[in-house]
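Notes for the one structure printed next.
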Amino acid sequence: MTRRQEIIEMLEMGEWSLEHLANHFKTTLKEIILDFEHIPKSIRPRRLKITPAYCKKCGFLFRDRTRINKPSKCPDCKSEWIEPAKYRIA
Ligand SMILES: [Zn+2]
């Protein structure tokens with residue numbers, strides 16, 4: 001089984017951040033992001049569901065982010081205490 005297939009299995013069972021997956025597979029965030037660019041095609045007609053990243057200080061939600069990466073700072077309160085987005089397969 002390829003890493004991509006393993007990621008898909010994990011996303012079917014729970015929701016995970018990209019950081020968690022990178023740690024789990026002992027690889028870089030960049031590699032995981034590459035996998036994520038292909039996953040939507042592989043899981044059709046199911047879809048990737050995203051729980052948006054949020055600021056743990058003021059609760060700001062990063063709703064409109066289309067790019068897969070972790071926001072570094074809250075635009076509202078400038079906190080860097082950000083809970084990353086989590087992904088699962090619906
Ligand atoms: Zn904030």
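How things are named: the first chain in the structure tokens is A, the next is B, and so on; residues count from 1 in each chain; ligands count from 1 in the order shown.
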Residues of chain A in strand (DSSP E or B) according to DSSP, as a ChimeraX atom specification? /A:16-17,48-51,54-55,61,82-83,86-89
Near-stretch 19-23 of chain A list (12 Å; only C-alpha atoms; drop same-chain fewer than 3 positions) as a ChimeraX atom specification: /A:3-4,6-11,14-16,26-36,68-70,83-88
6 Å shell around ligand 1 using only C-alpha atoms and all ligand atoms, listed as a PyMOL selection string: chain A and resi 55+57-60+74+76-79
Please save N, CA and C atoms of the selected residues as a PDB file, in the first residue's frame.
ATOM      1  N   CYS A  55      -7.633  30.329  15.538  1.00  0.00           N
ATOM      2  CA  CYS A  55      -6.754  30.960  16.516  1.00  0.00           C
ATOM      3  C   CYS A  55      -7.191  30.522  17.902  1.00  0.00           C
ATOM      4  N   LYS A  57      -6.290  31.786  20.602  1.00  0.00           N
ATOM      5  CA  LYS A  57      -6.362  32.906  21.532  1.00  0.00           C
ATOM      6  C   LYS A  57      -7.702  33.634  21.432  1.00  0.00           C
ATOM      7  N   CYS A  58      -8.110  33.989  20.187  1.00  0.00           N
ATOM      8  CA  CYS A  58      -9.347  34.767  20.045  1.00  0.00           C
ATOM      9  C   CYS A  58     -10.443  34.001  19.319  1.00  0.00           C
ATOM     10  N   GLY A  59     -10.129  32.814  18.813  1.00  0.00           N
ATOM     11  CA  GLY A  59     -11.157  32.000  18.166  1.00  0.00           C
ATOM     12  C   GLY A  59     -11.367  32.319  16.692  1.00  0.00           C
ATOM     13  N   PHE A  60     -10.547  33.198  16.128  1.00  0.00           N
ATOM     14  CA  PHE A  60     -10.676  33.530  14.700  1.00  0.00           C
ATOM     15  C   PHE A  60     -10.597  32.265  13.850  1.00  0.00           C
ATOM     16  N   CYS A  74      -2.552  34.985  13.403  1.00  0.00           N
ATOM     17  CA  CYS A  74      -3.946  35.396  13.381  1.00  0.00           C
ATOM     18  C   CYS A  74      -4.045  36.829  12.865  1.00  0.00           C
ATOM     19  N   ASP A  76      -6.408  38.810  13.229  1.00  0.00           N
ATOM     20  CA  ASP A  76      -7.171  39.610  14.178  1.00  0.00           C
ATOM     21  C   ASP A  76      -6.332  40.044  15.371  1.00  0.00           C
ATOM     22  N   CYS A  77      -5.746  39.067  16.077  1.00  0.00           N
ATOM     23  CA  CYS A  77      -5.044  39.399  17.330  1.00  0.00           C
ATOM     24  C   CYS A  77      -3.539  39.189  17.219  1.00  0.00           C
ATOM     25  N   LYS A  78      -3.065  38.754  16.041  1.00  0.00           N
ATOM     26  CA  LYS A  78      -1.633  38.556  15.770  1.00  0.00           C
ATOM     27  C   LYS A  78      -1.000  37.412  16.553  1.00  0.00           C
ATOM     28  N   SER A  79      -1.829  36.630  17.209  1.00  0.00           N
ATOM     29  CA  SER A  79      -1.308  35.479  17.936  1.00  0.00           C
ATOM     30  C   SER A  79      -0.758  34.448  16.959  1.00  0.00           C
TER      31      SER A  79
END
From A:Ala90, A:Met13, A:Ile82, A:Leu61, residue lying nearest A:Arg46 [only C-alpha atoms]: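 That would be A:Ala90, the residue with the smallest distance to A:Arg46.
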List every residue of chain A that DSSP, applied to the backbone of this structure, assigns to alpha helix (DSSP H), and report them as a count of residues only. 32
Taking into account only C-alpha atoms, which residue in the set A:Met1, A:Lys41, A:Ser17, A:Phe25 is nearest to A:Ala53?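 Nearest to A:Ala53: A:Ser17.
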Between atom CA of A:Glu80 and atom CA of A:His24, what is the distance in Å, rounded to a tenth? 23.5 Å
